[in-house]
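Just below is one structure, and these are the notes that go with it.
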Amino acid sequence: MQEYPLGSKPVLVRAPVVLPMISPPLTDGAVLVSGGRVREVGPFRDLRRTFRGKVLDLEGVALLPALVNAHTHLELSVFRFRLTPSGSFVTWVRNLIRQRTEVALSEARQAVEEALRELWREGVGLVADVGNTGLTLGLLRESPFYSVYFREIIDFKGGTNLRDFVKGPEGERITYSLSPHAPYTVSPVLIQAIKSWTRRAGRPLSIHVAESPEECAFLKEGEGPLRVLLEERGQMPPGFRAPGLSPVAYLDRLGVLDERTICVHLVQATASDLEILAQRRSRPCLCPRSNIFLGVGLPPLPAMLSVGLKPCLGTDSLASNDRLSILAEMEALRAAYPEVAPEKLFLMATLWGAEALGRPDLGFIGPGARAEMIGLSLTPGRGSPWERLLEGPKKVEVRLYGPL
Ligand SMILES: [Zn+2]
């Protein structure tokens, strides 16, 4: 992979195809960059006319914004290839809880560093990381990524004092926020308190929702393997009564769904759940390769798109995936849903992810955007550039990035 750090001087970047994501693809396009920001986008011949500076001519690639991985847990990177696809969600959770106690900190840290290098090679520019130890915070701050760090809270009894969690680093490159783990691991009052804090702070909230059939059974009936697990861990509140609703309907009843709520997975979402999410303009985040690994099914992507939802993509962690590649996630969805327009998969991997994470300066190529771009190998052939990219090797050949 060729890397081009972009300094403050103006550079005109030329590529056979430019995909701005907010306007149609450009053939023989160019992007004028200065001071780490995109200034202009258009046909090369037009921009060349008035430009006197350096031209960077990229051959054989399509230029697009750096990708967005809207859901991962980097601190679990050490579990790559250590947990097997069990076919049972709860067995996997149990194994993960047990193995977490057996890992040395230095080993975990090394795995995070390797994971960050992988994200870079895979063309990711903005990453949303969920963590409950804070291990990755320092590493993210030193990294070249834009990031959102979600501090995860797990407490079904609800005794947590949020004051201990609301302080985190803030800067141009990093947003700090909170994530209640899931509707079945955080008490209703605590989920509402977390949402009220993120709302006031104007930050996104991320929560796993409707991932497994076990989660649906637990919220509907209060029974099943998740109840057993919660009991084992001393996490069942006395006198618990199941809400009797789907995970989405339950969160809606709590009043925590809005355009700043990212609902991760939604594999089990029904048509009426999708209607609720569309009404609230919440953001689905899909992690299909993790869903396949855990054997929970696949999210209903065509139905999501048809009600006007704008899903984004994540990889989830290396405990339930063997790669941190958004391109591989797109490939999985393409194989499952060939009827979905390829352009939508690219929107999910860029613009819609940046929007969900509250970064209006990322995820597109246009005036004001950060100069975070990648060149994907573009094989010659017929069809739209979207199709050619999806059918090609999906290899990041070039990486351009603004001043660190
Ligand atoms: Zn997750």
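Naming scheme: A, B, ... for chains in displayed order of the structure tokens; residues 1 onward per chain; ligands 1 onward as shown.
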
Looking only at the backbone, which of the residues in segment 129-255 of chain A does DSSP tag as strand (DSSP E or B), as a list in words?
-> Asp129, Val130, Gly131, Tyr146, Ser147, Val148, Tyr149, Phe150, Arg151, Glu152, Ile153, Asp155, Ile174, Thr175, Tyr176, Ser177, Leu178, Ser179, Pro180, Val186, Leu205, Ser206, Ile207, His208 and Val209 of chain A

Taking N, CA, C and O atoms for each residue, export the selection above as a short mmCIF file (atom, residue, chain, number, x, y, z; two decimals), in the first residue's frame.
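Written out: part-v2.cif:
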data_model
loop_
_atom_site.label_atom_id
_atom_site.label_comp_id
_atom_site.auth_asym_id
_atom_site.auth_seq_id
_atom_site.Cartn_x
_atom_site.Cartn_y
_atom_site.Cartn_z
N ASP A 129 -14.86 2.38 18.81
CA ASP A 129 -14.36 1.30 19.64
C ASP A 129 -15.13 1.26 20.95
O ASP A 129 -15.30 2.28 21.62
N VAL A 130 -15.60 0.07 21.32
CA VAL A 130 -16.33 -0.11 22.57
C VAL A 130 -15.40 -0.83 23.55
O VAL A 130 -14.82 -1.85 23.21
N GLY A 131 -15.26 -0.28 24.74
CA GLY A 131 -14.36 -0.93 25.69
C GLY A 131 -14.86 -0.81 27.10
O GLY A 131 -15.56 0.14 27.46
N TYR A 146 -9.31 8.76 13.31
CA TYR A 146 -10.37 9.49 13.99
C TYR A 146 -11.17 8.41 14.72
O TYR A 146 -11.35 7.31 14.20
N SER A 147 -11.63 8.71 15.91
CA SER A 147 -12.29 7.64 16.65
C SER A 147 -13.40 8.15 17.57
O SER A 147 -13.43 9.32 17.95
N VAL A 148 -14.28 7.22 17.88
CA VAL A 148 -15.26 7.44 18.95
C VAL A 148 -15.00 6.31 19.93
O VAL A 148 -15.00 5.13 19.54
N TYR A 149 -14.74 6.65 21.18
CA TYR A 149 -14.55 5.61 22.19
C TYR A 149 -15.82 5.53 23.02
O TYR A 149 -16.21 6.50 23.68
N PHE A 150 -16.46 4.37 22.98
CA PHE A 150 -17.65 4.15 23.79
C PHE A 150 -17.26 3.36 25.03
O PHE A 150 -16.87 2.19 24.93
N ARG A 151 -17.37 3.98 26.17
CA ARG A 151 -17.13 3.26 27.41
C ARG A 151 -18.37 2.41 27.70
O ARG A 151 -19.47 2.94 27.81
N GLU A 152 -18.16 1.12 27.80
CA GLU A 152 -19.29 0.21 27.91
C GLU A 152 -19.69 -0.02 29.36
O GLU A 152 -18.83 -0.20 30.23
N ILE A 153 -20.99 -0.06 29.59
CA ILE A 153 -21.50 -0.31 30.94
C ILE A 153 -22.36 -1.57 30.92
O ILE A 153 -23.24 -1.73 30.07
N ASP A 155 -24.54 -3.71 33.70
CA ASP A 155 -25.03 -3.73 35.08
C ASP A 155 -26.55 -3.87 35.07
O ASP A 155 -27.28 -2.88 34.98
N ILE A 174 -10.81 12.52 18.61
CA ILE A 174 -11.49 11.49 19.41
C ILE A 174 -12.72 12.04 20.12
O ILE A 174 -12.70 13.15 20.64
N THR A 175 -13.79 11.27 20.08
CA THR A 175 -15.02 11.60 20.81
C THR A 175 -15.17 10.55 21.89
O THR A 175 -14.98 9.37 21.62
N TYR A 176 -15.52 10.97 23.08
CA TYR A 176 -15.75 10.02 24.16
C TYR A 176 -17.25 9.92 24.42
O TYR A 176 -17.93 10.95 24.52
N SER A 177 -17.75 8.70 24.50
CA SER A 177 -19.17 8.55 24.82
C SER A 177 -19.41 7.26 25.60
O SER A 177 -18.47 6.60 26.01
N LEU A 178 -20.68 6.93 25.78
CA LEU A 178 -21.03 5.76 26.59
C LEU A 178 -21.87 4.76 25.80
O LEU A 178 -22.58 5.13 24.87
N SER A 179 -21.76 3.51 26.19
CA SER A 179 -22.53 2.45 25.56
C SER A 179 -23.09 1.50 26.61
O SER A 179 -22.36 0.77 27.26
N PRO A 180 -24.43 1.51 26.79
CA PRO A 180 -25.02 0.45 27.61
C PRO A 180 -24.92 -0.83 26.77
O PRO A 180 -25.33 -0.83 25.61
N VAL A 186 -28.22 -4.29 31.04
CA VAL A 186 -28.20 -2.99 31.72
C VAL A 186 -29.63 -2.69 32.17
O VAL A 186 -30.57 -2.91 31.39
N LEU A 205 -24.88 7.32 21.07
CA LEU A 205 -24.93 6.22 22.02
C LEU A 205 -24.99 4.94 21.21
O LEU A 205 -25.67 4.88 20.20
N SER A 206 -24.23 3.94 21.63
CA SER A 206 -24.21 2.68 20.90
C SER A 206 -24.69 1.56 21.82
O SER A 206 -24.30 1.51 22.99
N ILE A 207 -25.55 0.70 21.31
CA ILE A 207 -26.07 -0.41 22.13
C ILE A 207 -26.30 -1.63 21.23
O ILE A 207 -26.77 -1.49 20.10
N HIS A 208 -25.93 -2.82 21.71
CA HIS A 208 -26.24 -4.05 20.98
C HIS A 208 -27.74 -4.32 21.13
O HIS A 208 -28.23 -4.32 22.26
N VAL A 209 -28.43 -4.54 20.02
CA VAL A 209 -29.88 -4.76 20.08
C VAL A 209 -30.30 -5.88 19.15
O VAL A 209 -29.90 -5.91 17.98
#

List all protein, DNA and RNA residues that have any atom at most 12 Å from ligand 1, counting only C-alpha atoms and all ligand atoms, and write the list as a PyMOL selection string.
-> chain A and resi 69-76+93+128-132+150+152+179-182+206-211+262-266+285-291+294+313-321

12 Å contact set for Glu102 of chain A, only C-alpha atoms, chain neighbours under 4 positions out, as a PDB file with N, CA and C atoms, in the first residue's frame:
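result.pdb, written as the output of this step:
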ATOM      1  N   VAL A  78      -7.138  -9.854  21.290  1.00  0.00           N
ATOM      2  CA  VAL A  78      -6.308 -10.987  21.676  1.00  0.00           C
ATOM      3  C   VAL A  78      -7.043 -12.330  21.470  1.00  0.00           C
ATOM      4  N   PHE A  79      -8.358 -12.288  21.304  1.00  0.00           N
ATOM      5  CA  PHE A  79      -9.117 -13.542  21.171  1.00  0.00           C
ATOM      6  C   PHE A  79      -9.270 -14.028  19.741  1.00  0.00           C
ATOM      7  N   ARG A  82      -9.212 -17.745  19.057  1.00  0.00           N
ATOM      8  CA  ARG A  82      -9.241 -18.465  20.337  1.00  0.00           C
ATOM      9  C   ARG A  82     -10.625 -18.968  20.689  1.00  0.00           C
ATOM     10  N   ASN A  95     -17.763 -18.533  27.188  1.00  0.00           N
ATOM     11  CA  ASN A  95     -16.341 -18.759  26.908  1.00  0.00           C
ATOM     12  C   ASN A  95     -15.543 -17.460  26.951  1.00  0.00           C
ATOM     13  N   LEU A  96     -16.130 -16.425  26.423  1.00  0.00           N
ATOM     14  CA  LEU A  96     -15.443 -15.134  26.401  1.00  0.00           C
ATOM     15  C   LEU A  96     -15.226 -14.623  27.825  1.00  0.00           C
ATOM     16  N   ILE A  97     -16.270 -14.699  28.653  1.00  0.00           N
ATOM     17  CA  ILE A  97     -16.155 -14.233  30.040  1.00  0.00           C
ATOM     18  C   ILE A  97     -15.033 -15.001  30.745  1.00  0.00           C
ATOM     19  N   ARG A  98     -14.977 -16.312  30.523  1.00  0.00           N
ATOM     20  CA  ARG A  98     -13.951 -17.133  31.191  1.00  0.00           C
ATOM     21  C   ARG A  98     -12.556 -16.775  30.683  1.00  0.00           C
ATOM     22  N   GLU A 107      -0.075  -8.944  26.612  1.00  0.00           N
ATOM     23  CA  GLU A 107      -0.512  -9.692  25.429  1.00  0.00           C
ATOM     24  C   GLU A 107      -1.724  -9.000  24.788  1.00  0.00           C
ATOM     25  N   ALA A 108      -2.639  -8.566  25.639  1.00  0.00           N
ATOM     26  CA  ALA A 108      -3.850  -7.893  25.152  1.00  0.00           C
ATOM     27  C   ALA A 108      -3.480  -6.602  24.419  1.00  0.00           C
TER      28      ALA A 108
END

Write down as number ranges by chain the residues of segment 92-286 of chain A whose backbone DSSP state falls under helix (DSSP H, G or I).
-> A: 92-100, 105-121, 135-142, 162-164, 188-201, 213-221, 225-232, 247-254, 271-280

Spatial neighbours of Phe145 of chain A, max dist 10 Å, only C-alpha atoms, sep filter under 6 positions, as a compact mmCIF listing (two decimals) with N, CA, C and O atoms, in the first residue's frame:
# COMPACT_ATOMS: atom_id res chain seq x y z
N LEU A 116 -4.89 -2.37 15.23
CA LEU A 116 -4.88 -1.00 14.68
C LEU A 116 -4.14 -0.97 13.34
O LEU A 116 -4.56 -0.30 12.40
N LEU A 119 -6.53 -2.35 10.77
CA LEU A 119 -7.55 -1.36 10.38
C LEU A 119 -6.98 -0.35 9.38
O LEU A 119 -7.65 0.05 8.44
N TRP A 120 -5.74 0.03 9.60
CA TRP A 120 -5.09 1.00 8.72
C TRP A 120 -4.91 0.41 7.31
O TRP A 120 -5.26 1.03 6.32
N VAL A 124 -9.54 1.87 6.88
CA VAL A 124 -10.44 2.52 7.83
C VAL A 124 -9.84 3.85 8.30
O VAL A 124 -8.65 3.93 8.60
N GLY A 125 -10.66 4.90 8.34
CA GLY A 125 -10.19 6.20 8.79
C GLY A 125 -10.87 6.64 10.08
O GLY A 125 -10.34 7.43 10.85
N LEU A 126 -12.10 6.14 10.28
CA LEU A 126 -12.87 6.47 11.49
C LEU A 126 -13.31 5.16 12.12
O LEU A 126 -13.90 4.32 11.45
N VAL A 127 -12.98 5.01 13.41
CA VAL A 127 -13.32 3.75 14.07
C VAL A 127 -14.07 4.04 15.37
O VAL A 127 -13.71 4.95 16.12
N ARG A 173 -9.74 14.60 17.18
CA ARG A 173 -9.71 13.26 16.59
C ARG A 173 -10.51 12.24 17.35
O ARG A 173 -10.81 11.18 16.84
N ILE A 174 -10.81 12.52 18.61
CA ILE A 174 -11.49 11.49 19.41
C ILE A 174 -12.72 12.04 20.12
O ILE A 174 -12.70 13.15 20.64
N GLU A 372 -9.12 12.52 4.23
CA GLU A 372 -8.87 11.12 4.56
C GLU A 372 -9.46 10.29 3.44
O GLU A 372 -10.68 10.13 3.33
N TYR A 401 -3.77 10.88 3.72
CA TYR A 401 -4.28 11.35 5.02
C TYR A 401 -3.71 12.71 5.36
O TYR A 401 -2.61 13.07 4.97
N LEU A 404 -1.21 14.78 10.89
CA LEU A 404 -1.56 14.04 12.12
C LEU A 404 -1.46 14.97 13.33
O LEU A 404 -0.68 15.87 13.38

Could you check which of A:Ala278, A:Leu64, A:Cys312, A:Ala303 is closest to Glu355 of chain A, using only C-alpha atoms?
->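 Smallest distance to Glu355 of chain A is found for A:Cys312.
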
Among listed residues A:Gly134, A:Pro16, A:Pro393, A:Pro213, nearest Gly295 of chain A (using only C-alpha atoms) |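 When distances to Gly295 of chain A are compared using only C-alpha atoms, the smallest one comes from A:Pro213.
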
Surrounding residues of Pro225 of chain A excluding itself and chain neighbours under 3 positions, 7 Å, only C-alpha atoms, as a PDB file with N, CA and C atoms, in the first residue's frame:
ATOM      1  N   VAL A  90     -24.998 -18.027  23.676  1.00  0.00           N
ATOM      2  CA  VAL A  90     -24.717 -17.998  25.110  1.00  0.00           C
ATOM      3  C   VAL A  90     -23.437 -18.778  25.453  1.00  0.00           C
ATOM      4  N   GLU A 214     -32.002 -15.704  21.741  1.00  0.00           N
ATOM      5  CA  GLU A 214     -32.030 -15.805  23.208  1.00  0.00           C
ATOM      6  C   GLU A 214     -32.388 -14.458  23.844  1.00  0.00           C
ATOM      7  N   VAL A 228     -30.487 -17.860  32.845  1.00  0.00           N
ATOM      8  CA  VAL A 228     -29.603 -18.753  33.600  1.00  0.00           C
ATOM      9  C   VAL A 228     -28.234 -18.086  33.787  1.00  0.00           C
ATOM     10  N   LEU A 229     -27.708 -17.510  32.721  1.00  0.00           N
ATOM     11  CA  LEU A 229     -26.400 -16.850  32.785  1.00  0.00           C
ATOM     12  C   LEU A 229     -26.421 -15.665  33.770  1.00  0.00           C
TER      13      LEU A 229
END

Would you kindly return, as number ranges by chain, each protein, DNA or RNA residue with an atom no farther than 10 Å from any atom of Pro237 of chain A, considering only C-alpha atoms and excluding same-chain residues fewer than 4 positions away?
-> A: 156-158, 187, 230-231, 241

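Minimum distance to Ala15 of chain A across A:Val41, A:Arg80, A:Leu58, A:Arg49 (counting only C-alpha atoms) occurs at A:Leu58.
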
Enter the distance from atom CA of Asn161 of chain A to atom CA of Met236 of chain A, in Å, rounded to one decimal.
->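 Computed distance, atom CA of Asn161 of chain A to atom CA of Met236 of chain A, equals 18.3 Å.
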
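Between Leu139 of chain A and the candidates A:Lys167, A:Arg203, A:Arg109, A:Arg399, the tightest atom-to-atom separation, counting only C-alpha atoms, involves A:Arg109.
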
Nearest to Val103 of chain A, chosen from A:Ile374, A:Arg163, A:Phe44, A:Ser77, with only C-alpha atoms counted in the distances =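 Of all the options, A:Ser77 lies closest to Val103 of chain A.
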